[in-house]
file run_6.pdb (PDB, C-alpha atoms)
ATOM      1  CA  MET A   1      59.162   2.801 110.978  1.00  0.00           C
ATOM      2  CA  THR A   2      59.125  -0.923 111.805  1.00  0.00           C
ATOM      3  CA  GLY A   3      62.346  -2.147 113.351  1.00  0.00           C
ATOM      4  CA  GLN A   4      63.832   1.320 113.825  1.00  0.00           C
ATOM      5  CA  ILE A   5      66.407   1.207 116.613  1.00  0.00           C
ATOM      6  CA  THR A   6      67.069   4.102 118.960  1.00  0.00           C
ATOM      7  CA  ALA A   7      69.710   6.713 118.270  1.00  0.00           C
ATOM      8  CA  ALA A   8      71.457   5.722 121.492  1.00  0.00           C
ATOM      9  CA  ARG A   9      71.717   2.109 120.365  1.00  0.00           C
ATOM     10  CA  PHE A  10      73.020   3.182 116.967  1.00  0.00           C
ATOM     11  CA  HIS A  11      75.746   5.366 118.469  1.00  0.00           C
ATOM     12  CA  ALA A  12      76.719   2.641 120.942  1.00  0.00           C
ATOM     13  CA  ALA A  13      77.517   0.221 118.113  1.00  0.00           C
ATOM     14  CA  ASP A  14      81.068  -0.349 116.914  1.00  0.00           C
ATOM     15  CA  GLY A  15      82.083   0.819 113.469  1.00  0.00           C
ATOM     16  CA  VAL A  16      79.648   3.751 113.096  1.00  0.00           C
ATOM     17  CA  GLU A  17      81.946   6.491 114.338  1.00  0.00           C
ATOM     18  CA  ASP A  18      81.616   8.238 110.956  1.00  0.00           C
ATOM     19  CA  TRP A  19      77.868   8.753 111.447  1.00  0.00           C
ATOM     20  CA  ARG A  20      75.617  11.114 113.417  1.00  0.00           C
ATOM     21  CA  CYS A  21      71.903  10.866 114.222  1.00  0.00           C
ATOM     22  CA  LEU A  22      69.833  13.894 113.202  1.00  0.00           C
ATOM     23  CA  TYR A  23      66.176  13.478 114.161  1.00  0.00           C
ATOM     24  CA  HIS A  24      64.982  10.542 111.998  1.00  0.00           C
ATOM     25  CA  LEU A  25      68.146  10.347 109.872  1.00  0.00           C
ATOM     26  CA  VAL A  26      71.707   9.164 110.339  1.00  0.00           C
ATOM     27  CA  SER A  27      74.160  11.042 108.147  1.00  0.00           C
ATOM     28  CA  THR A  28      77.814  11.465 107.345  1.00  0.00           C
ATOM     29  CA  TYR A  29      79.904  13.493 104.928  1.00  0.00           C
ATOM     30  CA  PHE A  30      82.920  12.423 102.906  1.00  0.00           C
ATOM     31  CA  PRO A  31      85.063  15.289 101.563  1.00  0.00           C
ATOM     32  CA  THR A  32      86.314  14.133  98.171  1.00  0.00           C
ATOM     33  CA  GLY A  33      87.978  17.172  96.637  1.00  0.00           C
ATOM     34  CA  SER A  34      86.741  16.201  93.202  1.00  0.00           C
ATOM     35  CA  LEU A  35      83.628  15.012  91.450  1.00  0.00           C
ATOM     36  CA  ALA A  36      85.453  11.978  90.088  1.00  0.00           C
ATOM     37  CA  ARG A  37      86.348  10.694  93.575  1.00  0.00           C
ATOM     38  CA  GLY A  38      82.774  11.322  94.712  1.00  0.00           C
ATOM     39  CA  ILE A  39      81.409   9.370  91.769  1.00  0.00           C
ATOM     40  CA  ALA A  40      83.727   6.492  92.626  1.00  0.00           C
ATOM     41  CA  LEU A  41      82.272   6.327  96.144  1.00  0.00           C
ATOM     42  CA  VAL A  42      78.681   6.555  94.942  1.00  0.00           C
ATOM     43  CA  ASP A  43      79.365   3.862  92.352  1.00  0.00           C
ATOM     44  CA  GLU A  44      80.777   1.567  95.030  1.00  0.00           C
ATOM     45  CA  ILE A  45      77.763   2.129  97.287  1.00  0.00           C
ATOM     46  CA  GLY A  46      75.532   1.319  94.329  1.00  0.00           C
ATOM     47  CA  ARG A  47      77.270  -2.033  93.936  1.00  0.00           C
ATOM     48  CA  PHE A  48      76.349  -3.365  97.370  1.00  0.00           C
ATOM     49  CA  ALA A  49      73.205  -1.466  98.457  1.00  0.00           C
ATOM     50  CA  ASP A  50      70.329  -3.760  97.584  1.00  0.00           C
ATOM     51  CA  GLU A  51      66.891  -2.678  96.408  1.00  0.00           C
ATOM     52  CA  ALA A  52      65.411  -2.642  99.906  1.00  0.00           C
ATOM     53  CA  GLN A  53      68.285  -0.577 101.310  1.00  0.00           C
ATOM     54  CA  GLN A  54      68.021   1.904  98.470  1.00  0.00           C
ATOM     55  CA  GLN A  55      64.524   2.790  99.696  1.00  0.00           C
ATOM     56  CA  TYR A  56      66.022   4.513 102.761  1.00  0.00           C
ATOM     57  CA  LEU A  57      69.430   5.478 101.360  1.00  0.00           C
ATOM     58  CA  MET A  58      69.980   9.072 100.222  1.00  0.00           C
ATOM     59  CA  VAL A  59      73.154  10.272  98.509  1.00  0.00           C
ATOM     60  CA  ASP A  60      73.976  13.909  97.747  1.00  0.00           C
ATOM     61  CA  LEU A  61      76.898  14.135  95.341  1.00  0.00           C
ATOM     62  CA  ARG A  62      78.714  17.467  94.980  1.00  0.00           C
ATOM     63  CA  GLY A  63      82.082  18.443  93.578  1.00  0.00           C
ATOM     64  CA  ALA A  64      83.554  18.901  97.041  1.00  0.00           C
ATOM     65  CA  GLY A  65      82.100  15.844  98.717  1.00  0.00           C
ATOM     66  CA  VAL A  66      79.354  13.296  99.251  1.00  0.00           C
ATOM     67  CA  THR A  67      76.701  13.378 101.973  1.00  0.00           C
ATOM     68  CA  VAL A  68      75.133  10.008 102.730  1.00  0.00           C
ATOM     69  CA  SER A  69      71.987   9.688 104.850  1.00  0.00           C
ATOM     70  CA  LEU A  70      69.880   6.747 105.998  1.00  0.00           C
ATOM     71  CA  SER A  71      66.280   7.125 107.115  1.00  0.00           C
ATOM     72  CA  ARG A  72      66.601   3.728 108.814  1.00  0.00           C
ATOM     73  CA  ARG A  73      69.342   3.391 111.449  1.00  0.00           C
ATOM     74  CA  ASP A  74      70.968   0.501 109.627  1.00  0.00           C
ATOM     75  CA  ILE A  75      74.225  -0.256 111.463  1.00  0.00           C
ATOM     76  CA  SER A  76      75.367  -2.857 108.952  1.00  0.00           C
ATOM     77  CA  LEU A  77      74.888  -0.602 105.933  1.00  0.00           C
ATOM     78  CA  ALA A  78      76.529   2.353 107.678  1.00  0.00           C
ATOM     79  CA  ARG A  79      79.576   0.222 108.449  1.00  0.00           C
ATOM     80  CA  ARG A  80      79.790  -0.996 104.873  1.00  0.00           C
ATOM     81  CA  ILE A  81      79.591   2.522 103.446  1.00  0.00           C
ATOM     82  CA  SER A  82      82.333   3.703 105.798  1.00  0.00           C
ATOM     83  CA  ALA A  83      84.507   0.746 104.807  1.00  0.00           C
ATOM     84  CA  ALA A  84      84.031   1.528 101.125  1.00  0.00           C
ATOM     85  CA  ALA A  85      85.055   5.132 101.706  1.00  0.00           C
ATOM     86  CA  ARG A  86      88.181   4.058 103.589  1.00  0.00           C
ATOM     87  CA  GLU A  87      89.134   1.734 100.724  1.00  0.00           C
ATOM     88  CA  LEU A  88      88.993   4.767  98.438  1.00  0.00           C
ATOM     89  CA  GLY A  89      91.045   6.874 100.845  1.00  0.00           C
ATOM     90  CA  LEU A  90      88.122   9.107 101.774  1.00  0.00           C
ATOM     91  CA  PRO A  91      87.953   9.907 105.513  1.00  0.00           C
ATOM     92  CA  ALA A  92      84.600  11.059 106.873  1.00  0.00           C
ATOM     93  CA  ASP A  93      83.781  14.416 108.433  1.00  0.00           C
ATOM     94  CA  PRO A  94      80.518  13.763 110.299  1.00  0.00           C
ATOM     95  CA  THR A  95      80.669  17.178 111.974  1.00  0.00           C
ATOM     96  CA  ALA A  96      79.682  18.698 108.611  1.00  0.00           C
ATOM     97  CA  VAL A  97      76.149  17.258 108.549  1.00  0.00           C
ATOM     98  CA  GLN A  98      72.974  18.973 109.706  1.00  0.00           C
ATOM     99  CA  LEU A  99      69.225  18.837 109.147  1.00  0.00           C
ATOM    100  CA  ILE A 100      67.048  21.947 108.934  1.00  0.00           C
ATOM    101  CA  ASN A 101      63.318  22.087 109.647  1.00  0.00           C
ATOM    102  CA  VAL A 102      60.988  25.061 109.306  1.00  0.00           C
ATOM    103  CA  THR A 103      58.594  24.996 112.263  1.00  0.00           C
ATOM    104  CA  LEU A 104      55.272  26.820 112.454  1.00  0.00           C
ATOM    105  CA  ASP A 105      53.421  27.462 115.706  1.00  0.00           C
ATOM    106  CA  ALA A 106      49.737  26.679 115.156  1.00  0.00           C
ATOM    107  CA  LEU A 107      46.577  26.638 117.251  1.00  0.00           C
ATOM    108  CA  ALA A 108      44.859  24.012 115.098  1.00  0.00           C
ATOM    109  CA  GLY A 109      47.448  21.984 113.231  1.00  0.00           C
ATOM    110  CA  ALA A 110      44.878  19.718 111.589  1.00  0.00           C
ATOM    111  CA  ASP A 111      43.367  22.780 109.902  1.00  0.00           C
ATOM    112  CA  VAL A 112      46.596  24.208 108.486  1.00  0.00           C
ATOM    113  CA  LEU A 113      48.746  21.174 107.677  1.00  0.00           C
ATOM    114  CA  PRO A 114      46.770  20.184 104.528  1.00  0.00           C
ATOM    115  CA  PHE A 115      47.370  23.673 103.116  1.00  0.00           C
ATOM    116  CA  TRP A 116      51.124  23.458 103.609  1.00  0.00           C
ATOM    117  CA  ARG A 117      51.249  19.910 102.263  1.00  0.00           C
ATOM    118  CA  ALA A 118      49.484  20.966  99.067  1.00  0.00           C
ATOM    119  CA  LEU A 119      51.461  24.188  98.710  1.00  0.00           C
ATOM    120  CA  LEU A 120      54.865  22.546  99.160  1.00  0.00           C
ATOM    121  CA  GLY A 121      54.032  19.304  97.364  1.00  0.00           C
ATOM    122  CA  TYR A 122      55.377  17.420 100.382  1.00  0.00           C
ATOM    123  CA  GLY A 123      54.613  14.028 101.891  1.00  0.00           C
ATOM    124  CA  GLN A 124      53.383  13.614 105.462  1.00  0.00           C
ATOM    125  CA  ILE A 125      54.708  11.764 108.507  1.00  0.00           C
ATOM    126  CA  GLY A 126      52.325  11.538 111.455  1.00  0.00           C
ATOM    127  CA  ASP A 127      50.010  14.468 112.107  1.00  0.00           C
ATOM    128  CA  ASP A 128      52.545  17.277 112.443  1.00  0.00           C
ATOM    129  CA  TYR A 129      55.425  16.796 109.985  1.00  0.00           C
ATOM    130  CA  LEU A 130      55.923  17.183 106.227  1.00  0.00           C
ATOM    131  CA  PHE A 131      58.907  16.088 104.141  1.00  0.00           C
ATOM    132  CA  ASP A 132      60.170  16.757 100.643  1.00  0.00           C
ATOM    133  CA  PRO A 133      59.909  13.465  98.685  1.00  0.00           C
ATOM    134  CA  SER A 134      62.895  14.519  96.558  1.00  0.00           C
ATOM    135  CA  ARG A 135      64.908  15.457  99.687  1.00  0.00           C
ATOM    136  CA  ARG A 136      65.776  18.876  98.238  1.00  0.00           C
ATOM    137  CA  GLY A 137      64.018  21.112 100.747  1.00  0.00           C
ATOM    138  CA  PRO A 138      63.875  21.358 104.544  1.00  0.00           C
ATOM    139  CA  GLY A 139      61.356  19.519 106.649  1.00  0.00           C
ATOM    140  CA  PHE A 140      58.241  21.390 107.751  1.00  0.00           C
ATOM    141  CA  GLY A 141      56.761  20.827 111.180  1.00  0.00           C
ATOM    142  CA  LEU A 142      53.981  22.144 113.378  1.00  0.00           C
ATOM    143  CA  GLN A 143      54.348  23.066 117.036  1.00  0.00           C
ATOM    144  CA  PRO A 144      51.143  23.444 119.053  1.00  0.00           C
ATOM    145  CA  MET A 145      50.225  26.729 120.752  1.00  0.00           C
ATOM    146  CA  ASP A 146      47.860  27.033 123.704  1.00  0.00           C
ATOM    147  CA  GLU A 147      46.808  30.542 122.732  1.00  0.00           C
ATOM    148  CA  ALA A 148      47.483  33.055 119.977  1.00  0.00           C
ATOM    149  CA  ARG A 149      50.676  35.099 120.290  1.00  0.00           C
ATOM    150  CA  PRO A 150      50.240  37.971 117.822  1.00  0.00           C
ATOM    151  CA  GLN A 151      53.329  39.853 119.010  1.00  0.00           C
ATOM    152  CA  ARG A 152      55.670  36.900 118.579  1.00  0.00           C
ATOM    153  CA  ASN A 153      57.031  35.286 115.440  1.00  0.00           C
ATOM    154  CA  ARG A 154      55.188  32.034 114.791  1.00  0.00           C
ATOM    155  CA  MET A 155      57.725  30.494 112.436  1.00  0.00           C
ATOM    156  CA  HIS A 156      61.299  29.536 113.271  1.00  0.00           C
ATOM    157  CA  LEU A 157      64.098  27.261 112.100  1.00  0.00           C
ATOM    158  CA  ASP A 158      65.081  24.045 113.856  1.00  0.00           C
ATOM    159  CA  ILE A 159      68.687  23.108 113.125  1.00  0.00           C
ATOM    160  CA  ALA A 160      69.536  19.528 114.056  1.00  0.00           C
ATOM    161  CA  VAL A 161      73.288  19.147 114.470  1.00  0.00           C
ATOM    162  CA  PRO A 162      75.558  16.287 115.569  1.00  0.00           C
ATOM    163  CA  HIS A 163      75.282  15.922 119.337  1.00  0.00           C
ATOM    164  CA  ASP A 164      79.002  16.585 119.733  1.00  0.00           C
ATOM    165  CA  GLN A 165      78.783  19.838 117.764  1.00  0.00           C
ATOM    166  CA  ALA A 166      75.852  21.547 119.521  1.00  0.00           C
ATOM    167  CA  GLU A 167      77.871  23.554 122.038  1.00  0.00           C
ATOM    168  CA  ALA A 168      80.238  24.851 119.357  1.00  0.00           C
ATOM    169  CA  ARG A 169      77.332  25.845 117.097  1.00  0.00           C
ATOM    170  CA  ILE A 170      75.590  27.650 119.957  1.00  0.00           C
ATOM    171  CA  ALA A 171      78.803  29.431 120.960  1.00  0.00           C
ATOM    172  CA  ALA A 172      79.301  30.602 117.391  1.00  0.00           C
ATOM    173  CA  ALA A 173      75.746  31.938 117.214  1.00  0.00           C
ATOM    174  CA  LEU A 174      76.119  33.786 120.508  1.00  0.00           C
ATOM    175  CA  ALA A 175      79.453  35.252 119.412  1.00  0.00           C
ATOM    176  CA  ALA A 176      77.741  36.473 116.238  1.00  0.00           C
ATOM    177  CA  GLY A 177      75.284  38.602 118.217  1.00  0.00           C
ATOM    178  CA  GLY A 178      72.692  36.053 119.289  1.00  0.00           C
ATOM    179  CA  THR A 179      71.225  35.493 122.722  1.00  0.00           C
ATOM    180  CA  LEU A 180      70.235  32.335 124.570  1.00  0.00           C
ATOM    181  CA  VAL A 181      66.486  32.454 125.152  1.00  0.00           C
ATOM    182  CA  SER A 182      66.154  29.124 126.941  1.00  0.00           C
ATOM    183  CA  ASP A 183      68.104  25.968 127.696  1.00  0.00           C
ATOM    184  CA  ALA A 184      65.260  24.408 129.686  1.00  0.00           C
ATOM    185  CA  HIS A 185      64.995  21.499 127.237  1.00  0.00           C
ATOM    186  CA  ALA A 186      68.713  20.990 126.606  1.00  0.00           C
ATOM    187  CA  PRO A 187      70.276  18.829 125.303  1.00  0.00           C
ATOM    188  CA  ARG A 188      67.170  18.073 123.216  1.00  0.00           C
ATOM    189  CA  TRP A 189      67.108  21.682 122.058  1.00  0.00           C
ATOM    190  CA  TRP A 190      68.226  25.192 122.932  1.00  0.00           C
ATOM    191  CA  VAL A 191      66.256  28.298 121.917  1.00  0.00           C
ATOM    192  CA  LEU A 192      68.336  31.188 120.561  1.00  0.00           C
ATOM    193  CA  ALA A 193      67.394  34.531 119.074  1.00  0.00           C
ATOM    194  CA  ASP A 194      69.008  37.118 116.836  1.00  0.00           C
ATOM    195  CA  ALA A 195      69.416  40.783 117.747  1.00  0.00           C
ATOM    196  CA  GLU A 196      65.778  41.496 116.820  1.00  0.00           C
ATOM    197  CA  GLY A 197      64.303  38.561 118.728  1.00  0.00           C
ATOM    198  CA  ASN A 198      63.766  36.160 115.810  1.00  0.00           C
ATOM    199  CA  GLU A 199      64.119  32.675 117.261  1.00  0.00           C
ATOM    200  CA  ALA A 200      65.749  29.437 116.165  1.00  0.00           C
ATOM    201  CA  CYS A 201      66.402  26.131 117.903  1.00  0.00           C
ATOM    202  CA  VAL A 202      69.571  24.057 117.924  1.00  0.00           C
ATOM    203  CA  ALA A 203      68.590  20.425 118.419  1.00  0.00           C
ATOM    204  CA  THR A 204      70.210  17.032 118.966  1.00  0.00           C
ATOM    205  CA  TRP A 205      68.940  13.474 119.342  1.00  0.00           C
ATOM    206  CA  VAL A 206      69.995  13.329 123.002  1.00  0.00           C
ATOM    207  CA  GLY A 207      67.070  13.099 125.398  1.00  0.00           C
ATOM    208  CA  ARG A 208      64.486  12.244 122.736  1.00  0.00           C
ATOM    209  CA  GLU A 209      64.335   8.532 123.529  1.00  0.00           C
TER     210      GLU A 209
END
call {"tool": "encode", "arguments": {"input": "run_6.pdb", "output": "structure tokens"}}
result
Amino acid sequence: MTGQITAARFHAADGVEDWRCLYHLVSTYFPTGSLARGIALVDEIGRFADEAQQQYLMVDLRGAGVTVSLSRRDISLARRISAAARELGLPADPTAVQLINVTLDALAGADVLPFWRALLGYGQIGDDYLFDPSRRGPGFGLQPMDEARPQRNRMHLDIAVPHDQAEARIAAALAAGGTLVSDAHAPRWWVLADAEGNEACVATWVGRE
């Protein structure tokens, strides 16, 4: 994306403490306690977000709160959204955001990605990632394999969490019966498994740039 700044530069800026980078998104969550207060925040955002900004602005309104995400790391817009929330008495809880991807290990990604794109009705980014245009479903990515592994699961979840929440999330998973398979790539990602060996990765933006 033209002009996209790094996650490190975004987090180093003043006034974006409410926000967390998750892969290609920056997100935050505002607990509202009621639909009416959430609507008030969304309405305020709608007043100042221009047409260009609305192309990369995503708002998920629920009765309990509002999740706001930006697919462009727009420091100015993030600051303005946070300021609007403060004016309405809505403090942010950025620890509540996450991004989930389903990842498939594949020998020949170019052969299988068109199938999954058609089946899911998703759009494509690059040559290994699909996204839901309506932002309702998880991302879908491909991870290359060097050789077939018939005795190992080839699909797993990637859970991108705020960088300051990764250790707590991992600790909770381990306390719930999981095991740490590998931390060789930490803090980019850790590989965990459940009691039967089914794997998942906890990921952050740190170390990706």
call {"tool": "atom_distance", "arguments": {"input": "run_6.pdb", "atom1": "atom CA of Gly65 of chain A", "atom2": "atom CA of Ala96 of chain A"}}
result
10.6 Å
call {"tool": "resolve_selection", "arguments": {"input": "run_6.pdb", "expression": "the PyMOL selection byres ((chain A and resi 31-33) around 10)", "output": "PyMOL selection string"}}
result
chain A and resi 29-30+34-41+61-67+85+88-94+96
call {"tool": "residues_around", "arguments": {"input": "run_6.pdb", "residues": "segment 190-202 of chain A", "least_positions_apart": "2", "cutoff": "10 Å", "atoms": "all atoms listed in the file", "output": "VMD selection string"}}
result
chain A and resid 100 to 103 152 to 161 166 to 167 169 to 170 173 to 174 176 to 188 204
call {"tool": "resolve_selection", "arguments": {"input": "run_6.pdb", "expression": "the PyMOL selection byres ((chain A and resi 205) around 7)", "output": "list in words"}}
result
Ala7, Cys21, Leu22, Tyr23, His163, Arg188, Thr204, Val206, Gly207 and Arg208 of chain A
call {"tool": "resolve_selection", "arguments": {"input": "run_6.pdb", "expression": "the PyMOL selection byres ((chain A and resi 107) around 8)", "output": "mmCIF file with C-alpha atoms, in the frame of the given file"}}
result
data_model
loop_
_atom_site.group_PDB
_atom_site.id
_atom_site.type_symbol
_atom_site.label_atom_id
_atom_site.label_comp_id
_atom_site.auth_asym_id
_atom_site.auth_seq_id
_atom_site.Cartn_x
_atom_site.Cartn_y
_atom_site.Cartn_z
ATOM 1 C CA ASP A 105 53.421 27.462 115.706
ATOM 2 C CA ALA A 106 49.737 26.679 115.156
ATOM 3 C CA ALA A 108 44.859 24.012 115.098
ATOM 4 C CA GLY A 109 47.448 21.984 113.231
ATOM 5 C CA PRO A 144 51.143 23.444 119.053
ATOM 6 C CA MET A 145 50.225 26.729 120.752
ATOM 7 C CA ASP A 146 47.860 27.033 123.704
ATOM 8 C CA GLU A 147 46.808 30.542 122.732
ATOM 9 C CA ALA A 148 47.483 33.055 119.977
#
call {"tool": "residues_around", "arguments": {"input": "run_6.pdb", "residues": "Ile45 of chain A", "least_positions_apart": "3", "cutoff": "10 Å", "atoms": "only C-alpha atoms", "output": "ChimeraX atom specification"}}
result
/A:39-42,48-50,54,57,59,68,77,80-82,84-85
call {"tool": "write_last_selection", "arguments": {"input": "run_6.pdb", "atoms": "C-alpha atoms", "output": "PDB file, in the frame of the given file"}}
result
ATOM      1  CA  ILE A  39      81.409   9.370  91.769  1.00  0.00           C
ATOM      2  CA  ALA A  40      83.727   6.492  92.626  1.00  0.00           C
ATOM      3  CA  LEU A  41      82.272   6.327  96.144  1.00  0.00           C
ATOM      4  CA  VAL A  42      78.681   6.555  94.942  1.00  0.00           C
ATOM      5  CA  PHE A  48      76.349  -3.365  97.370  1.00  0.00           C
ATOM      6  CA  ALA A  49      73.205  -1.466  98.457  1.00  0.00           C
ATOM      7  CA  ASP A  50      70.329  -3.760  97.584  1.00  0.00           C
ATOM      8  CA  GLN A  54      68.021   1.904  98.470  1.00  0.00           C
ATOM      9  CA  LEU A  57      69.430   5.478 101.360  1.00  0.00           C
ATOM     10  CA  VAL A  59      73.154  10.272  98.509  1.00  0.00           C
ATOM     11  CA  VAL A  68      75.133  10.008 102.730  1.00  0.00           C
ATOM     12  CA  LEU A  77      74.888  -0.602 105.933  1.00  0.00           C
ATOM     13  CA  ARG A  80      79.790  -0.996 104.873  1.00  0.00           C
ATOM     14  CA  ILE A  81      79.591   2.522 103.446  1.00  0.00           C
ATOM     15  CA  SER A  82      82.333   3.703 105.798  1.00  0.00           C
ATOM     16  CA  ALA A  84      84.031   1.528 101.125  1.00  0.00           C
ATOM     17  CA  ALA A  85      85.055   5.132 101.706  1.00  0.00           C
TER      18      ALA A  85
END
call {"tool": "closest_residue", "arguments": {"input": "run_6.pdb", "among": "A:Val97, A:Glu209, A:Arg86, A:Tyr129", "to": "Thr28 of chain A", "atoms": "only C-alpha atoms"}}
result
A:Val97
call {"tool": "residues_near_point", "arguments": {"input": "run_6.pdb", "point": "(79.7, 3.7, 111.4)", "cutoff": "7 Å", "atoms": "all atoms listed in the file", "output": "ChimeraX atom specification"}}
result
/A:14-19,75,78-79,82
call {"tool": "atom_distance", "arguments": {"input": "run_6.pdb", "atom1": "atom CA of Ser69 of chain A", "atom2": "atom CA of Ser27 of chain A"}}
result
4.2 Å
call {"tool": "atom_distance", "arguments": {"input": "run_6.pdb", "atom1": "atom CA of Gly126 of chain A", "atom2": "atom CA of Gly141 of chain A"}}
result
10.3 Å
call {"tool": "closest_residue", "arguments": {"input": "run_6.pdb", "among": "A:Ser71, A:Thr6, A:Gln55, A:Gln165", "to": "Val26 of chain A", "atoms": "only C-alpha atoms"}}
result
A:Ser71
call {"tool": "closest_residue", "arguments": {"input": "run_6.pdb", "among": "A:Ala171, A:Leu142, A:Glu87, A:Gly137", "to": "Ile125 of chain A", "atoms": "all atoms listed in the file"}}
result
A:Leu142
call {"tool": "build_atoms", "arguments": {"input": "run_6.pdb", "residues": "segment 173-188 of chain A", "atoms": "N, CA, C and O atoms", "output": "compact mmCIF listing (two decimals), in the coordinates of the input"}}
result
# COMPACT_ATOMS: atom_id res chain seq x y z
N ALA A 173 76.92 31.08 117.39
CA ALA A 173 75.75 31.94 117.21
C ALA A 173 75.72 33.07 118.24
O ALA A 173 75.37 34.21 117.93
N LEU A 174 76.09 32.76 119.47
CA LEU A 174 76.12 33.79 120.51
C LEU A 174 77.21 34.81 120.22
O LEU A 174 77.01 36.02 120.40
N ALA A 175 78.36 34.34 119.75
CA ALA A 175 79.45 35.25 119.41
C ALA A 175 79.10 36.16 118.24
O ALA A 175 79.65 37.25 118.10
N ALA A 176 78.16 35.69 117.41
CA ALA A 176 77.74 36.47 116.24
C ALA A 176 76.60 37.43 116.55
O ALA A 176 75.97 37.97 115.64
N GLY A 177 76.30 37.63 117.83
CA GLY A 177 75.28 38.60 118.22
C GLY A 177 73.99 38.01 118.71
O GLY A 177 73.05 38.75 119.01
N GLY A 178 73.92 36.69 118.82
CA GLY A 178 72.69 36.05 119.29
C GLY A 178 72.60 36.03 120.80
O GLY A 178 73.56 36.37 121.51
N THR A 179 71.44 35.65 121.28
CA THR A 179 71.22 35.49 122.72
C THR A 179 70.59 34.13 122.98
O THR A 179 69.89 33.58 122.12
N LEU A 180 70.85 33.59 124.17
CA LEU A 180 70.24 32.34 124.57
C LEU A 180 68.90 32.65 125.23
O LEU A 180 68.85 33.28 126.28
N VAL A 181 67.82 32.21 124.62
CA VAL A 181 66.49 32.45 125.15
C VAL A 181 66.15 31.44 126.24
O VAL A 181 65.62 31.79 127.29
N SER A 182 66.48 30.16 125.97
CA SER A 182 66.15 29.12 126.94
C SER A 182 67.00 27.88 126.69
O SER A 182 67.21 27.49 125.54
N ASP A 183 67.47 27.28 127.78
CA ASP A 183 68.10 25.97 127.70
C ASP A 183 67.34 24.96 128.55
O ASP A 183 67.88 23.93 128.96
N ALA A 184 66.08 25.25 128.81
CA ALA A 184 65.26 24.41 129.69
C ALA A 184 65.10 22.99 129.15
O ALA A 184 64.88 22.06 129.92
N HIS A 185 65.19 22.82 127.83
CA HIS A 185 65.00 21.50 127.24
C HIS A 185 66.30 20.88 126.75
O HIS A 185 66.28 19.84 126.09
N ALA A 186 67.42 21.52 127.03
CA ALA A 186 68.71 20.99 126.61
C ALA A 186 68.99 19.65 127.29
O ALA A 186 68.56 19.45 128.43
N PRO A 187 69.63 18.70 126.61
CA PRO A 187 70.28 18.83 125.30
C PRO A 187 69.38 18.47 124.12
O PRO A 187 69.87 18.30 123.02
N ARG A 188 68.06 18.33 124.36
CA ARG A 188 67.17 18.07 123.22
C ARG A 188 67.16 19.28 122.28
O ARG A 188 67.27 19.12 121.07
